[in-house]
Amino acid sequence: MDPLLAAMSGILLVLAIEGALWWLFRRKVLSFPSPELSGMSFDRFYRLHFAHALAVSHAIILSVAVSLFLLSAW
Amino acid sequence: MVSGLFDAGMMPPAAAPAGAAPIPIRFHRKYTEEEYQFLFRQHWVRLVPSLARLFLVSVLLAAAAATLLLFADTPLLEPATRRGIAVLIALLFILVQVDILEHLYNHFLYVVIVTDRRIHRFKKTLFLTDDIQSVDLWVLQDIVKHQRGIVQNGLGFGTIEIEAQETIFKIHFVPDIDRKYHDLMRLREQARRKAAAIGQLPRQA
């Protein structure tokens with residue numbers, strides 16, 4: 001297997017797993033009671049914007065780290 | 001349905017100070033006519049074991065990866081063996097990262113919401129748990145605060161035990177527990193006064 005292909009596979013695996021976890025998380029979150037607010041989103045009310053930021057940055061950093069390692073070690 | 005309201009950049013509502021009017025936020029669709037008071041999650045110390053495990057395993061895997069890269073060009077390792085070890089290290093690293101991410105999501109999914117009428121505990125995990133427990137404030141008999149040990153007292157968290165009729169309801173790792181305890185006591189008295197006013201409870205002299 002080409003090292004670039006191995007690195008791409010690593011990225012896809014990370015994104016698939018993180019995407020699946022995110023989908024599960026959102027499915028659970030949507031069952032929280034929805035407050036009637038003006039000018040504030042559901043996510044910000046429950047402070048879920050931190051979870052959003054964490055999920056995106058974690059996925060980016062992990063996929064970059066895994067792909068660079070596989071490129072180097074292949 | 002999730003209310004996709006425009007985010008005007010407002011900060012999440014903080015707890016109403018003692019004696020102040022409650023923040024006028026209502027829950028609709030599920031719990032009508034309840035005025036939101038405050039919400040909280042478990043204390044961050046709950047994540048420390050997972051973070052410690054993440055750090056330790058990451059250090060070990062980093063050492064293994066560095067050793068592999070050091071010997072990558074030597075004839076000691078065949079290419080197939082080197083690639084197999086690289087895949088194994090990558091998979092283990094992904095697994096330990098997925099573990100911490102799962103713990104973080106579970107932390108976000110454990111929410112206690114206190115309104116002027118009830119305490120709602122949402123205890124969910126990604127895969128195995130989906131519990132919702134609601135207790136009316138005016139029927140609460142005892143509210144007990146437990147804080148034991150240096151860590152709990154130093155970091156200001158503990159367990160609140162709520163007794164209602166024949167049910168005991170425990171909330172562990174409550175952050176800023178002193179304030180939460182006093183807020184719950186105050187809200188219970190307010191709920192009892194409201195219940196007495198509408199005839200659900202005998203008026204107290």
# chains A, B, ... in the order shown; residues from 1 in each chain; ligands from 1
$ closest_atom_pairs --of "chain A" --to "chain B" --cutoff "7 Å" --atoms "only C-alpha atoms" --output "tab-separated table"
residue	atom	partner	partner_atom	distance
A:Leu24	CA	B:Leu126	CA	6.2
A:Phe25	CA	B:Leu126	CA	6.1
A:Val29	CA	B:Leu109	CA	6.9
A:Leu30	CA	B:Val2	CA	6.6
A:Pro33	CA	B:Lys30	CA	6.3
A:Ser34	CA	B:Phe27	CA	5.8
A:Pro35	CA	B:Phe27	CA	4.2
A:Glu36	CA	B:Arg26	CA	5.4
A:Leu37	CA	B:Ile25	CA	6.2
A:Gly39	CA	B:Ala8	CA	5.0
A:Met40	CA	B:Asp7	CA	4.8
A:Ser41	CA	B:Leu5	CA	5.0
A:Phe42	CA	B:Ser3	CA	6.1
A:Arg44	CA	B:Pro12	CA	6.3
A:Phe45	CA	B:Pro12	CA	5.1
A:Arg47	CA	B:Pro12	CA	6.9
A:Val66	CA	B:Ala90	CA	6.2
A:Leu70	CA	B:Ala86	CA	6.6
A:Ala73	CA	B:Leu69	CA	6.0
A:Trp74	CA	B:Arg83	CA	5.4
$ residues_around --residues "Leu140 in chain B" --least-positions-apart "6" --cutoff "9 Å" --atoms "only C-alpha atoms" --output "number ranges by chain"
B: 162-165, 188
$ write_last_selection --atoms "C-alpha atoms" --output "PDB file, in the first residue's frame"
ATOM      1  CA  ILE B 162     -32.613  14.510  48.293  1.00  0.00           C
ATOM      2  CA  GLU B 163     -35.331  12.612  50.098  1.00  0.00           C
ATOM      3  CA  ALA B 164     -38.891  12.801  48.843  1.00  0.00           C
ATOM      4  CA  GLN B 165     -41.546  10.569  50.416  1.00  0.00           C
ATOM      5  CA  ARG B 188     -38.027  24.333  48.206  1.00  0.00           C
TER       6      ARG B 188
END
$ closest_atom_pairs --of "range 71-172 of chain B" --to "range 190-201 of chain B" --cutoff "10 Å" --atoms "only C-alpha atoms" --output "tab-separated table"
residue	atom	partner	partner_atom	distance
B:Thr115	CA	B:Ala191	CA	10.0
B:Asp116	CA	B:Ala191	CA	6.7
B:Arg117	CA	B:Ala191	CA	6.1
B:Arg118	CA	B:Ala191	CA	8.8
B:Asp136	CA	B:Ala191	CA	8.6
B:Leu137	CA	B:Ala191	CA	6.1
B:Trp138	CA	B:Arg192	CA	4.7
B:Val139	CA	B:Arg192	CA	7.9
B:Leu140	CA	B:Arg192	CA	9.3
$ write_last_selection --atoms "C-alpha atoms" --output "tab-separated table (two decimals), in the first residue's frame"
chain	number	residue	atom	x	y	z
B	115	THR	CA	-36.77	25.08	37.92
B	116	ASP	CA	-39.11	26.78	40.38
B	117	ARG	CA	-41.16	23.58	40.58
B	118	ARG	CA	-38.91	20.58	40.03
B	136	ASP	CA	-41.22	18.07	42.73
B	137	LEU	CA	-39.60	20.60	45.03
B	138	TRP	CA	-42.54	21.05	47.36
B	139	VAL	CA	-42.61	17.35	48.34
B	140	LEU	CA	-38.93	17.24	49.32
$ closest_residue --among "A:Met1, A:Val64, A:Leu54, A:Ser31" --to "Leu15 in chain A" --atoms "only C-alpha atoms"
A:Val64
$ residues_around --residues "Asp176 in chain B" --least-positions-apart "3" --cutoff "8 Å" --atoms "only C-alpha atoms" --output "VMD selection string"
chain B and resid 156 to 157 179 to 180
$ select_by_dssp --residues "chain A" --states "alpha helix (DSSP H)" --output "ChimeraX atom specification"
/A:3-29,42-45,49-73
$ closest_residue --among "B:Pro49, B:Asn153, B:Ile100, B:Ala62" --to "Ala55 in chain A" --atoms "only C-alpha atoms"
B:Ile100
$ residues_around --residues "Val14 in chain A" --least-positions-apart "6" --cutoff "8 Å" --atoms "only C-alpha atoms" --output "number ranges by chain"
A: 59, 62-63; B: 94
$ closest_residue --among "B:Asp183, B:Glu33, B:Asp131, B:Glu78" --to "Val114 in chain B" --atoms "only C-alpha atoms"
B:Asp183
$ select_by_dssp --residues "range 12-179 of chain B" --states "strand (DSSP E)" --output "number ranges by chain"
B: 26-28, 36-40, 110-115, 118-124, 130-136, 140-146, 158-164, 167-174
$ atom_distance --atom1 "CA of Phe173 in chain B" --atom2 "CA of Gln42 in chain B"
5.1 Å
$ closest_residue --among "B:Val45, B:Leu61, B:Leu77, B:Leu128" --to "Pro175 in chain B" --atoms "only C-alpha atoms"
B:Val45
